[in-house]
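**Q** Coordinates in model.tsv, TSV, C-alpha atoms, are listed below.
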chain	number	residue	atom	x	y	z
V	19	MET	CA	101.63	-69.86	-268.61
V	20	GLY	CA	102.91	-67.09	-270.87
V	21	ARG	CA	105.54	-67.73	-273.44
V	22	VAL	CA	109.09	-66.45	-273.06
V	23	ALA	CA	109.93	-63.95	-275.69
V	24	CYS	CA	112.96	-64.32	-277.81
V	25	GLY	CA	115.76	-61.81	-277.66
V	26	SER	CA	117.45	-60.18	-274.73
V	27	GLY	CA	114.76	-61.21	-272.24
V	28	GLY	CA	115.37	-64.89	-272.98
V	29	LEU	CA	119.10	-64.47	-272.53
V	30	LEU	CA	118.51	-62.81	-269.14
V	31	LEU	CA	116.36	-65.73	-267.94
V	32	LEU	CA	118.99	-68.23	-269.11
V	33	ALA	CA	121.66	-66.35	-267.20
V	34	LEU	CA	119.58	-66.37	-264.02
V	35	LEU	CA	118.90	-70.09	-264.30
V	36	THR	CA	122.58	-70.77	-264.81
V	37	SER	CA	123.47	-68.64	-261.77
V	38	CYS	CA	120.94	-70.43	-259.54
V	39	SER	CA	122.19	-73.83	-260.64
V	40	THR	CA	125.79	-72.95	-259.86
V	41	ASN	CA	125.04	-71.57	-256.39
V	42	SER	CA	123.00	-74.59	-255.33
V	43	SER	CA	125.79	-77.08	-256.13
V	44	SER	CA	128.95	-75.30	-254.93
V	45	ALA	CA	128.04	-73.17	-251.92
V	46	ASP	CA	126.28	-73.55	-248.58
V	47	GLU	CA	123.68	-71.20	-247.10
V	48	THR	CA	126.33	-68.58	-246.39
V	49	GLY	CA	127.44	-68.61	-249.98
V	50	GLN	CA	130.80	-70.29	-249.18
V	51	ALA	CA	132.04	-73.53	-250.77
V	52	PRO	CA	132.10	-76.52	-248.31
V	53	LEU	CA	135.48	-77.73	-247.01
V	54	ALA	CA	137.01	-80.99	-248.18
V	55	ASP	CA	136.80	-83.99	-245.86
V	56	ALA	CA	139.69	-84.61	-243.48
V	57	SER	CA	141.98	-87.42	-244.66
V	58	VAL	CA	143.97	-89.92	-242.59
V	59	THR	CA	147.19	-91.79	-243.27
V	60	VAL	CA	148.18	-94.84	-241.21
V	61	ALA	CA	151.41	-96.78	-240.75
V	62	PRO	CA	151.76	-99.75	-240.99
V	63	LEU	CA	149.85	-99.87	-244.26
V	64	ASP	CA	146.54	-101.70	-244.40
V	65	LYS	CA	146.83	-105.50	-244.41
V	66	SER	CA	150.60	-105.42	-243.70
V	67	GLN	CA	152.04	-108.78	-242.55
V	68	ASN	CA	155.04	-109.73	-240.37
V	69	VAL	CA	155.20	-106.27	-238.83
V	70	PRO	CA	157.92	-106.02	-236.14
V	71	THR	CA	156.42	-105.83	-232.67
V	72	ASP	CA	158.39	-102.70	-231.86
V	73	GLN	CA	157.30	-100.79	-234.97
V	74	THR	CA	155.48	-97.63	-233.92
V	75	VAL	CA	151.91	-97.27	-235.13
V	76	VAL	CA	151.46	-93.73	-236.52
V	77	VAL	CA	148.17	-92.08	-237.49
V	78	ALA	CA	148.18	-88.61	-239.08
V	79	ALA	CA	145.30	-86.33	-240.13
V	80	GLN	CA	145.39	-83.86	-243.01
V	81	GLY	CA	142.81	-81.13	-243.41
V	82	GLY	CA	141.42	-81.70	-239.95
V	83	THR	CA	142.08	-83.28	-236.55
V	84	LEU	CA	141.81	-86.71	-234.99
V	85	LYS	CA	138.73	-87.20	-232.84
V	86	SER	CA	139.60	-90.77	-231.84
V	87	VAL	CA	142.13	-93.53	-232.53
V	88	ARG	CA	141.72	-97.13	-231.39
V	89	VAL	CA	144.18	-99.97	-231.99
V	90	GLU	CA	142.59	-103.22	-230.84
V	91	SER	CA	143.16	-106.96	-230.98
V	92	LYS	CA	142.08	-110.14	-229.21
V	93	ALA	CA	145.31	-109.89	-227.20
V	94	GLY	CA	144.48	-106.37	-226.05
V	95	GLY	CA	144.84	-102.86	-227.36
V	96	LEU	CA	147.79	-100.53	-227.88
V	97	ARG	CA	147.91	-97.30	-225.95
V	98	GLY	CA	149.19	-94.18	-227.63
V	99	VAL	CA	149.87	-90.46	-227.36
V	100	LEU	CA	148.02	-87.74	-229.28
V	101	SER	CA	149.88	-84.59	-230.29
V	102	ALA	CA	148.85	-81.26	-228.81
V	103	ASP	CA	147.28	-80.12	-232.09
V	104	ARG	CA	145.44	-83.46	-232.43
V	105	THR	CA	146.83	-84.15	-235.88
V	106	ARG	CA	149.16	-87.03	-235.00
V	107	TRP	CA	148.89	-90.17	-232.83
V	108	ARG	CA	151.74	-92.55	-231.96
V	109	SER	CA	151.60	-95.87	-230.13
V	110	SER	CA	153.53	-96.03	-226.87
V	111	ARG	CA	153.64	-99.79	-226.32
V	112	THR	CA	155.13	-102.83	-228.00
V	113	ALA	CA	152.68	-105.03	-229.87
V	114	THR	CA	152.07	-108.73	-229.18
V	115	PRO	CA	153.69	-111.21	-231.61
V	116	GLY	CA	151.50	-113.12	-234.07
V	117	THR	CA	148.52	-110.80	-233.55
V	118	THR	CA	146.20	-108.98	-235.94
V	119	TYR	CA	145.41	-105.40	-234.91
V	120	THR	CA	142.55	-103.24	-236.18
V	121	ILE	CA	143.15	-99.49	-236.38
V	122	SER	CA	139.92	-97.48	-236.21
V	123	THR	CA	140.06	-93.72	-236.63
V	124	VAL	CA	137.64	-90.80	-236.67
V	125	ALA	CA	138.86	-87.51	-238.18
V	126	VAL	CA	136.91	-84.27	-238.36
V	127	ASN	CA	137.38	-81.23	-240.60
V	128	ALA	CA	136.81	-77.58	-239.66
V	129	ASP	CA	133.13	-77.86	-240.62
V	130	GLY	CA	132.70	-80.66	-238.09
V	131	LYS	CA	132.22	-83.31	-240.73
V	132	GLN	CA	133.55	-86.68	-239.57
V	133	LYS	CA	135.33	-89.35	-241.58
V	134	GLU	CA	135.93	-92.87	-240.30
V	135	THR	CA	138.68	-95.23	-241.50
V	136	THR	CA	139.61	-98.80	-240.63
V	137	SER	CA	142.76	-100.80	-241.43
V	138	THR	CA	144.55	-103.87	-240.12
V	139	PHE	CA	148.08	-105.20	-239.71
V	140	THR	CA	149.53	-108.46	-238.38
V	141	THR	CA	152.73	-108.74	-236.32
V	142	VAL	CA	155.50	-111.25	-236.81
V	143	LYS	CA	155.06	-114.61	-235.10
V	144	ALA	CA	157.20	-115.68	-232.14
V	145	THR	CA	158.92	-119.06	-232.17
V	146	LYS	CA	159.70	-118.81	-228.44
V	147	THR	CA	159.40	-116.42	-225.52
V	148	PHE	CA	161.65	-115.18	-222.72
V	149	ASP	CA	160.77	-114.17	-219.20
V	150	VAL	CA	162.35	-112.57	-216.16
V	151	GLU	CA	163.57	-115.43	-214.01
V	152	ARG	CA	164.65	-113.33	-211.05
V	153	VAL	CA	164.85	-109.72	-209.90
V	154	THR	CA	166.97	-108.47	-207.00
V	155	PRO	CA	166.16	-106.70	-204.71
V	156	ASN	CA	163.04	-108.64	-203.86
V	157	LYS	CA	160.80	-108.96	-200.85
V	158	ASP	CA	161.78	-112.54	-199.99
V	159	ASP	CA	165.57	-112.29	-200.09
V	160	THR	CA	166.39	-108.67	-199.38
V	161	GLY	CA	163.28	-107.04	-197.99
V	162	LEU	CA	161.73	-103.88	-199.34
V	163	THR	CA	164.26	-101.54	-197.72
V	164	VAL	CA	167.89	-101.82	-198.86
V	165	GLY	CA	171.19	-100.01	-198.58
V	166	VAL	CA	172.49	-97.11	-200.67
V	167	GLY	CA	174.80	-99.36	-202.70
V	168	MET	CA	172.07	-101.76	-203.85
V	169	PRO	CA	172.08	-102.58	-207.59
V	170	VAL	CA	169.06	-103.78	-209.53
V	171	MET	CA	169.83	-107.24	-210.93
V	172	ILE	CA	167.70	-108.97	-213.56
V	173	THR	CA	168.16	-112.57	-214.70
V	174	PHE	CA	166.42	-113.86	-217.84
V	175	ASN	CA	165.47	-117.46	-218.51
V	176	GLN	CA	166.73	-117.30	-222.11
V	177	PRO	CA	169.88	-115.82	-223.68
V	178	ILE	CA	169.24	-112.29	-224.99
V	179	THR	CA	170.93	-111.32	-228.26
V	180	ASP	CA	168.98	-108.13	-229.01
V	181	ARG	CA	170.22	-106.29	-225.95
V	182	VAL	CA	169.33	-102.84	-227.28
V	183	SER	CA	165.66	-103.76	-227.72
V	184	VAL	CA	165.44	-105.22	-224.22
V	185	GLU	CA	167.43	-102.52	-222.45
V	186	ARG	CA	165.43	-99.64	-223.90
V	187	ASN	CA	162.30	-101.21	-222.37
V	188	LEU	CA	163.79	-101.24	-218.87
V	189	SER	CA	163.21	-98.11	-216.82
V	190	VAL	CA	164.10	-96.95	-213.32
V	191	ARG	CA	162.23	-94.15	-211.58
V	192	SER	CA	162.90	-92.71	-208.14
V	193	THR	CA	161.69	-89.95	-205.86
V	194	LYS	CA	165.21	-88.52	-205.89
V	195	PRO	CA	166.39	-88.95	-209.51
V	196	VAL	CA	169.91	-90.19	-210.09
V	197	GLN	CA	172.06	-90.80	-213.12
V	198	GLY	CA	172.43	-94.51	-213.69
V	199	ALA	CA	172.88	-97.17	-216.36
V	200	TRP	CA	172.31	-100.84	-217.14
V	201	HIS	CA	175.28	-103.19	-217.48
V	202	TRP	CA	175.24	-106.58	-219.24
V	203	PHE	CA	177.42	-109.13	-217.46
V	204	ASP	CA	176.42	-111.81	-219.97
V	205	ASP	CA	173.48	-112.61	-222.25
V	206	ARG	CA	171.20	-113.54	-219.35
V	207	HIS	CA	172.13	-110.94	-216.71
V	208	VAL	CA	171.68	-107.17	-216.82
V	209	ASP	CA	172.16	-104.95	-213.76
V	210	PHE	CA	171.51	-101.28	-212.97
V	211	ARG	CA	173.44	-99.07	-210.61
V	212	PRO	CA	173.60	-95.31	-210.13
V	213	LYS	CA	176.74	-93.35	-210.95
V	214	LYS	CA	177.02	-92.65	-207.20
V	215	TYR	CA	175.30	-94.28	-204.25
V	216	TRP	CA	171.54	-93.88	-204.05
V	217	PRO	CA	170.39	-90.91	-201.95
V	218	ALA	CA	169.14	-92.06	-198.56
V	219	HIS	CA	165.39	-92.46	-198.03
V	220	THR	CA	164.49	-92.79	-201.71
V	221	ASP	CA	161.61	-94.75	-203.24
V	222	VAL	CA	162.50	-96.66	-206.41
V	223	ARG	CA	160.36	-98.35	-209.06
V	224	VAL	CA	161.73	-100.62	-211.79
V	225	ASP	CA	159.57	-101.35	-214.84
V	226	ALA	CA	160.45	-104.12	-217.28
V	227	ARG	CA	157.98	-103.51	-220.11
V	228	LEU	CA	158.96	-106.65	-221.98
V	229	ALA	CA	155.67	-108.09	-223.28
V	230	GLY	CA	156.22	-108.50	-227.03
V	231	VAL	CA	159.72	-107.04	-226.94
V	232	ARG	CA	162.22	-108.71	-229.27
V	233	GLY	CA	165.01	-110.50	-227.42
V	234	GLY	CA	166.56	-112.21	-230.45
V	235	GLU	CA	165.64	-114.00	-233.64
V	236	GLY	CA	162.08	-115.26	-233.10
V	237	LEU	CA	162.38	-114.58	-229.35
V	238	TYR	CA	159.89	-112.21	-227.70
V	239	GLY	CA	159.10	-111.12	-224.15
V	240	LYS	CA	156.32	-112.96	-222.33
V	241	ARG	CA	155.13	-110.31	-219.86
V	242	ASP	CA	155.68	-106.98	-218.13
V	243	LEU	CA	157.08	-106.78	-214.61
V	244	ALA	CA	157.29	-104.02	-212.00
V	245	VAL	CA	159.32	-103.97	-208.76
V	246	LYS	CA	159.27	-101.39	-205.98
V	247	PHE	CA	161.73	-100.94	-203.12
V	248	LYS	CA	163.05	-98.30	-200.75
V	249	ILE	CA	166.54	-97.02	-200.01
V	250	GLY	CA	167.05	-96.73	-196.26
V	251	ARG	CA	169.45	-94.59	-194.27
V	252	SER	CA	172.99	-94.24	-195.60
V	253	GLN	CA	175.26	-96.67	-193.74
V	254	ILE	CA	178.82	-97.24	-194.94
V	255	THR	CA	181.27	-99.49	-193.14
V	256	SER	CA	184.99	-99.23	-193.81
V	257	GLY	CA	188.06	-100.99	-192.48
V	258	SER	CA	191.71	-101.64	-193.26
V	259	THR	CA	193.52	-104.95	-193.04
V	260	ASN	CA	196.50	-102.93	-191.77
V	261	GLU	CA	194.68	-100.98	-189.05
V	262	HIS	CA	192.36	-103.84	-187.96
V	263	VAL	CA	189.32	-101.68	-187.17
V	264	LEU	CA	185.87	-101.48	-188.80
V	265	THR	CA	184.15	-98.08	-188.61
V	266	VAL	CA	180.41	-97.82	-189.22
V	267	LYS	CA	179.08	-94.44	-190.34
V	268	ARG	CA	175.36	-93.76	-190.58
V	269	ASP	CA	174.28	-90.65	-192.45
V	270	GLY	CA	177.86	-89.40	-192.11
V	271	ARG	CA	178.13	-89.93	-188.34
V	272	THR	CA	180.21	-92.67	-186.72
V	273	VAL	CA	177.89	-94.99	-184.80
V	274	ARG	CA	180.25	-97.88	-183.97
V	275	THR	CA	183.88	-98.97	-184.19
V	276	MET	CA	184.73	-102.67	-184.07
V	277	PRO	CA	188.16	-104.28	-183.72
V	278	MET	CA	188.62	-106.79	-186.54
V	279	SER	CA	190.94	-109.47	-187.83
V	280	ALA	CA	191.18	-110.11	-191.58
V	281	GLY	CA	192.67	-112.81	-193.81
V	282	GLN	CA	196.06	-114.13	-192.76
V	283	GLY	CA	197.42	-114.28	-196.31
V	284	GLY	CA	200.23	-116.62	-197.23
V	285	GLU	CA	198.11	-118.34	-199.87
V	286	TRP	CA	196.15	-116.05	-202.18
V	287	LYS	CA	192.80	-117.51	-201.11
V	288	TYR	CA	193.49	-116.58	-197.49
V	289	TYR	CA	193.62	-112.85	-198.17
V	290	THR	CA	190.51	-110.74	-197.56
V	291	THR	CA	189.71	-108.93	-200.80
V	292	SER	CA	190.14	-105.16	-200.96
V	293	GLY	CA	187.34	-103.17	-202.53
V	294	ILE	CA	183.76	-101.96	-202.23
V	295	HIS	CA	181.76	-104.94	-201.06
V	296	LEU	CA	178.01	-104.98	-200.48
V	297	ALA	CA	176.11	-106.81	-197.80
V	298	MET	CA	174.59	-109.72	-199.75
V	299	SER	CA	172.84	-111.67	-197.01
V	300	ARG	CA	172.39	-111.84	-193.25
V	301	GLU	CA	172.64	-115.36	-191.87
V	302	PRO	CA	172.17	-116.26	-188.19
V	303	VAL	CA	174.10	-119.51	-188.75
V	304	THR	CA	176.58	-120.39	-191.51
V	305	VAL	CA	178.60	-123.58	-191.92
V	306	MET	CA	181.97	-122.69	-193.42
V	307	VAL	CA	184.09	-125.28	-195.21
V	308	SER	CA	187.64	-124.88	-196.46
V	309	PRO	CA	187.60	-124.12	-200.23
V	310	GLY	CA	189.12	-126.82	-202.46
V	311	ILE	CA	190.23	-129.01	-199.54
V	312	GLY	CA	188.49	-132.24	-198.52
V	313	PRO	CA	188.28	-133.94	-195.13
V	314	GLY	CA	191.58	-135.41	-193.98
V	315	SER	CA	193.69	-133.05	-196.09
V	316	PRO	CA	196.05	-130.50	-194.50
V	317	GLY	CA	194.26	-127.20	-193.90
V	318	TYR	CA	190.77	-128.69	-194.00
V	319	TYR	CA	188.21	-127.09	-191.72
V	320	GLN	CA	184.46	-127.05	-191.15
V	321	LEU	CA	183.15	-124.42	-188.75
V	322	THR	CA	179.69	-123.41	-187.60
V	323	VAL	CA	179.70	-119.63	-187.41
V	324	TYR	CA	177.06	-117.27	-186.03
V	325	ASN	CA	175.75	-113.84	-187.01
V	326	THR	CA	177.31	-113.62	-190.44
V	327	VAL	CA	176.97	-110.93	-193.12
V	328	ARG	CA	178.06	-112.18	-196.52
V	329	ILE	CA	180.13	-109.77	-198.65
V	330	SER	CA	181.31	-111.83	-201.67
V	331	ASN	CA	180.87	-115.08	-203.58
V	332	SER	CA	184.35	-116.27	-202.65
V	333	GLY	CA	183.35	-117.15	-199.08
V	334	GLU	CA	183.93	-113.82	-197.33
V	335	TYR	CA	181.75	-112.75	-194.40
V	336	VAL	CA	181.82	-110.35	-191.52
V	337	HIS	CA	181.07	-112.72	-188.64
V	338	SER	CA	181.38	-113.60	-185.00
V	339	ALA	CA	184.73	-115.21	-184.12
V	340	PRO	CA	185.07	-115.71	-180.35
V	341	TRP	CA	188.24	-117.77	-180.91
V	342	SER	CA	190.13	-114.79	-182.36
V	343	VAL	CA	189.05	-111.95	-180.05
V	344	GLY	CA	192.64	-111.59	-178.83
V	345	SER	CA	193.82	-110.93	-182.41
V	346	GLN	CA	191.02	-108.54	-183.33
V	347	GLY	CA	192.38	-105.02	-183.44
V	348	ASN	CA	196.03	-106.03	-183.86
V	349	SER	CA	196.62	-108.87	-186.38
V	350	ASN	CA	195.13	-110.90	-189.23
V	351	VAL	CA	194.52	-114.58	-188.51
V	352	SER	CA	191.41	-115.59	-190.49
V	353	HIS	CA	191.05	-117.68	-193.64
V	354	GLY	CA	189.78	-114.58	-195.49
V	355	CYS	CA	186.74	-113.45	-193.53
V	356	VAL	CA	186.48	-110.34	-191.39
V	357	ASN	CA	186.33	-111.55	-187.78
V	358	VAL	CA	184.70	-109.49	-185.02
V	359	SER	CA	183.61	-110.24	-181.46
V	360	PRO	CA	180.28	-111.98	-180.76
V	361	GLU	CA	178.85	-108.74	-179.35
V	362	ASN	CA	179.88	-106.70	-182.39
V	363	ALA	CA	178.69	-109.39	-184.81
V	364	ALA	CA	175.26	-109.43	-183.16
V	365	TRP	CA	175.05	-105.64	-183.44
V	366	PHE	CA	176.28	-105.64	-187.06
V	367	ILE	CA	173.81	-108.21	-188.38
V	368	GLU	CA	170.97	-106.41	-186.63
V	369	ASN	CA	171.95	-102.98	-188.00
V	370	THR	CA	172.95	-103.88	-191.56
V	371	LEU	CA	170.70	-103.67	-194.61
V	372	ILE	CA	171.24	-105.77	-197.73
V	373	GLY	CA	173.08	-103.46	-200.14
V	374	ASP	CA	175.01	-101.54	-197.47
V	375	PRO	CA	178.57	-100.81	-198.68
V	376	ILE	CA	181.39	-102.48	-196.72
V	377	ILE	CA	184.72	-101.13	-197.91
V	378	ILE	CA	187.93	-103.02	-197.14
V	379	THR	CA	191.38	-101.64	-197.97
V	380	GLY	CA	194.98	-102.72	-197.44
V	381	SER	CA	194.92	-106.19	-199.03
V	382	PRO	CA	196.88	-107.03	-202.22
V	383	ARG	CA	193.95	-109.19	-203.40
V	384	LYS	CA	191.36	-107.04	-205.17
V	385	LEU	CA	187.64	-107.78	-205.26
V	386	GLU	CA	186.59	-108.63	-208.81
V	387	PRO	CA	183.48	-106.83	-210.20
V	388	THR	CA	181.93	-110.26	-210.84
V	389	ASN	CA	182.69	-111.61	-207.34
V	390	GLY	CA	179.32	-111.35	-205.65
V	391	TRP	CA	177.95	-107.83	-205.97
V	392	GLY	CA	181.24	-106.14	-206.77
V	393	HIS	CA	179.47	-103.64	-209.04
V	394	TRP	CA	181.13	-100.59	-207.47
V	395	GLN	CA	184.59	-101.92	-208.32
V	396	GLU	CA	184.14	-100.58	-211.85
V	397	SER	CA	184.50	-96.88	-212.54
V	398	TRP	CA	181.54	-95.16	-214.15
V	399	LYS	CA	183.38	-95.13	-217.49
V	400	GLU	CA	184.01	-98.87	-217.22
V	401	TRP	CA	180.43	-99.53	-216.19
V	402	LEU	CA	179.05	-97.70	-219.23
V	403	LYS	CA	181.11	-99.83	-221.63
V	404	TRP	CA	178.75	-102.73	-220.99
V	405	SER	CA	175.54	-100.74	-221.43
V	406	SER	CA	173.87	-101.17	-224.81
V	407	LEU	CA	172.45	-97.64	-224.53
V	408	LYS	CA	175.61	-96.20	-222.87
V	409	ALA	CA	173.68	-94.03	-220.39
V	410	ALA	CA	170.34	-93.63	-218.69
V	411	SER	CA	168.77	-91.37	-216.09
V	412	THR	CA	166.04	-92.21	-213.64
V	413	ASP	CA	162.84	-90.22	-213.85
V	414	ASP	CA	160.72	-88.78	-211.07
V	415	LEU	CA	158.22	-91.10	-209.47
Let me see the structure of the file written as structure tokens.
**A**
Amino acid sequence: MGRVACGSGGLLLLALLTSCSTNSSSADETGQAPLADASVTVAPLDKSQNVPTDQTVVVAAQGGTLKSVRVESKAGGLRGVLSADRTRWRSSRTATPGTTYTISTVAVNADGKQKETTSTFTTVKATKTFDVERVTPNKDDTGLTVGVGMPVMITFNQPITDRVSVERNLSVRSTKPVQGAWHWFDDRHVDFRPKKYWPAHTDVRVDARLAGVRGGEGLYGKRDLAVKFKIGRSQITSGSTNEHVLTVKRDGRTVRTMPMSAGQGGEWKYYTTSGIHLAMSREPVTVMVSPGIGPGSPGYYQLTVYNTVRISNSGEYVHSAPWSVGSQGNSNVSHGCVNVSPENAAWFIENTLIGDPIIITGSPRKLEPTNGWGHWQESWKEWLKWSSLKAASTDDL
């Protein structure tokens, strides 16, 4: 090998060596510097404890996009939604109490270089759980097809103090969307009704996504629940205690008129209540007993009555009364029920759906909103006062 001469030639070689060294460490084959790795931030922070079950898990990428996000646990994973530009992911479900979740992410920069991250968090423990004890309408009591006035009624097995948390996890969807809202009657009962009657021939789905939802201090939902039902034809029955006639309209057309006799009055309990009642049950046979009066006392009665449609919790029915046919259409002689002939009662029970509105007017005694299913007695403004969220709209099915 020849020796390198001193002077300008040596300086030139040194410059070339320096240039080659720089290019090999800071540029790729195209001569461009490589991009920095994508970075990921996650909330909750790694190893966080006592995380609220309703806290949203958020994953964000900087300098790249998210290729995948998984949030997993022994109790199951959390689903989420990825933004359109794939830089942000948010969980869409409530977590399970007392559970450790692992968040695994893969981010990729513009050069296609991937970066994986893993973190964990643990949710707050539950001291007790709550469950849905009952939902109405249901297949056993009301059937799957109900009337246009039918509310959705949910009963819990534990008192709920965090009503906002529970209510925002209740949803109603229908094929013909309506404006509606939930209404808390007490800490165990929440009901939904539309602002106006349901549209006829509508399919409805109720989702109670309550698994892991906070219902109060240390109280969390046990499970999710879904209920489906149908709204049938629109049938509205109306009658006046002064005119003594029930008129049944189906889809706006009168299909039957029935002479009736209402409560005789005198004592307050013997008035038929005025208001928007709903058909609550259809009973082929009902034994009716005088309220607050025992055997042997003045005014006591016990009657076996046929083809009855219950309209309140205070003992009111539309029912067959062959003993008062002569008064039906001209006077009020009952103890508070709406009496019709045996023929009309048989037709009415056969042609009525649970949840059909039955509107009675003319009586000084008003139906209370809490008497049976007197939900439509409250104006929309009054109904919203007892909603924790104040308003809600159904979504398309």
**Q** Residues near Trp107 in chain V, anyone? I mean within 12 Å using all atoms listed in the file, not counting same-chain ones fewer than 2 positions away, as a PyMOL selection string.
**A** chain V and resi 58-61+74-79+83-89+96-105+109-110+121+123-125
**Q** Given the point (183.1, -114.7, -201.5) in the coordinates of this file, which residues lie within 12 Å, counting only C-alpha atoms, and how would they look as an MDAnalysis selection string?
**A** chainID V and resid 287:292 295:299 306 309 327:336 353:356 384:392
**Q** Show which residues sit within 10 Å of Gly198 in chain V, as a PyMOL selection string. Count all atoms listed in the file, and ignore same-chain residues fewer than 5 positions away.
**A** chain V and resi 190+210-216+398+401-402+408-412
**Q** If you keep C-alpha atoms, can you produce a file of those selected residues as a compact mmCIF listing (two decimals), keeping the file's coordinate frame?
**A**
# COMPACT_ATOMS: atom_id res chain seq x y z
CA VAL V 190 164.10 -96.95 -213.32
CA PHE V 210 171.51 -101.28 -212.97
CA ARG V 211 173.44 -99.07 -210.61
CA PRO V 212 173.60 -95.31 -210.13
CA LYS V 213 176.74 -93.35 -210.95
CA LYS V 214 177.02 -92.65 -207.20
CA TYR V 215 175.30 -94.28 -204.25
CA TRP V 216 171.54 -93.88 -204.05
CA TRP V 398 181.54 -95.16 -214.15
CA TRP V 401 180.43 -99.53 -216.19
CA LEU V 402 179.05 -97.70 -219.23
CA LYS V 408 175.61 -96.20 -222.87
CA ALA V 409 173.68 -94.03 -220.39
CA ALA V 410 170.34 -93.63 -218.69
CA SER V 411 168.77 -91.37 -216.09
CA THR V 412 166.04 -92.21 -213.64
**Q** Find the spatial neighbours of Ala128 in chain V, counting all atoms listed in the file, within a cut-off of 9 Å - ignore same-chain residues fewer than 4 positions away - and output them as a list in words.
**A**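 Those residues are Leu53, Asp55, Ala56, Gly81, Gly82 and Thr83 of chain V.
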**Q** Identify which of the residues V:Val263, V:Ala144, V:Ile367, V:Val166 lies closest to Arg300 in chain V, counting only C-alpha atoms when measuring atom-to-atom distances.
**A**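 The closest residue to Arg300 in chain V is V:Ile367.
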**Q** In terms of the shortest atom-to-atom distance over only C-alpha atoms, which of V:Thr370, V:Gln80, V:Asn68, V:Asn127 is closest to Thr160 in chain V?
**A**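 Closest residue, counting only C-alpha atoms: V:Thr370.
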**Q** As an exercise, work out the distance from CA of Gly314 in chain V to CA of Ser352 in chain V in Å and give it to one decimal place.
**A**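 One can read the CA of Gly314 in chain V to CA of Ser352 in chain V distance as 20.1 Å.
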**Q** Have a look at V:Ser359, V:Ser397, V:Gln132, V:Asn325 and name the one nearest to Trp341 in chain V; count all atoms listed in the file.
**A**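 Smallest separation from Trp341 in chain V among the options: V:Ser359.
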**Q** Taking all atoms listed in the file into account, name the residue in V:Glu151, V:Asp205, V:Asp374, V:Glu400 that is nearest to Arg268 in chain V.
**A** V:Asp374
**Q** For Ser256 in chain V, which residue among V:Ile377, V:Leu371, V:Val323, V:Val303 is the nearest when counting only C-alpha atoms?
**A**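 The shortest atom-to-atom distance to Ser256 in chain V comes from V:Ile377.
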**Q** What is the CA of Val351 in chain V-CA of Thr272 in chain V distance in Å, reported with one decimal?
**A**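 Computing it gives 26.2 Å between the two atoms.
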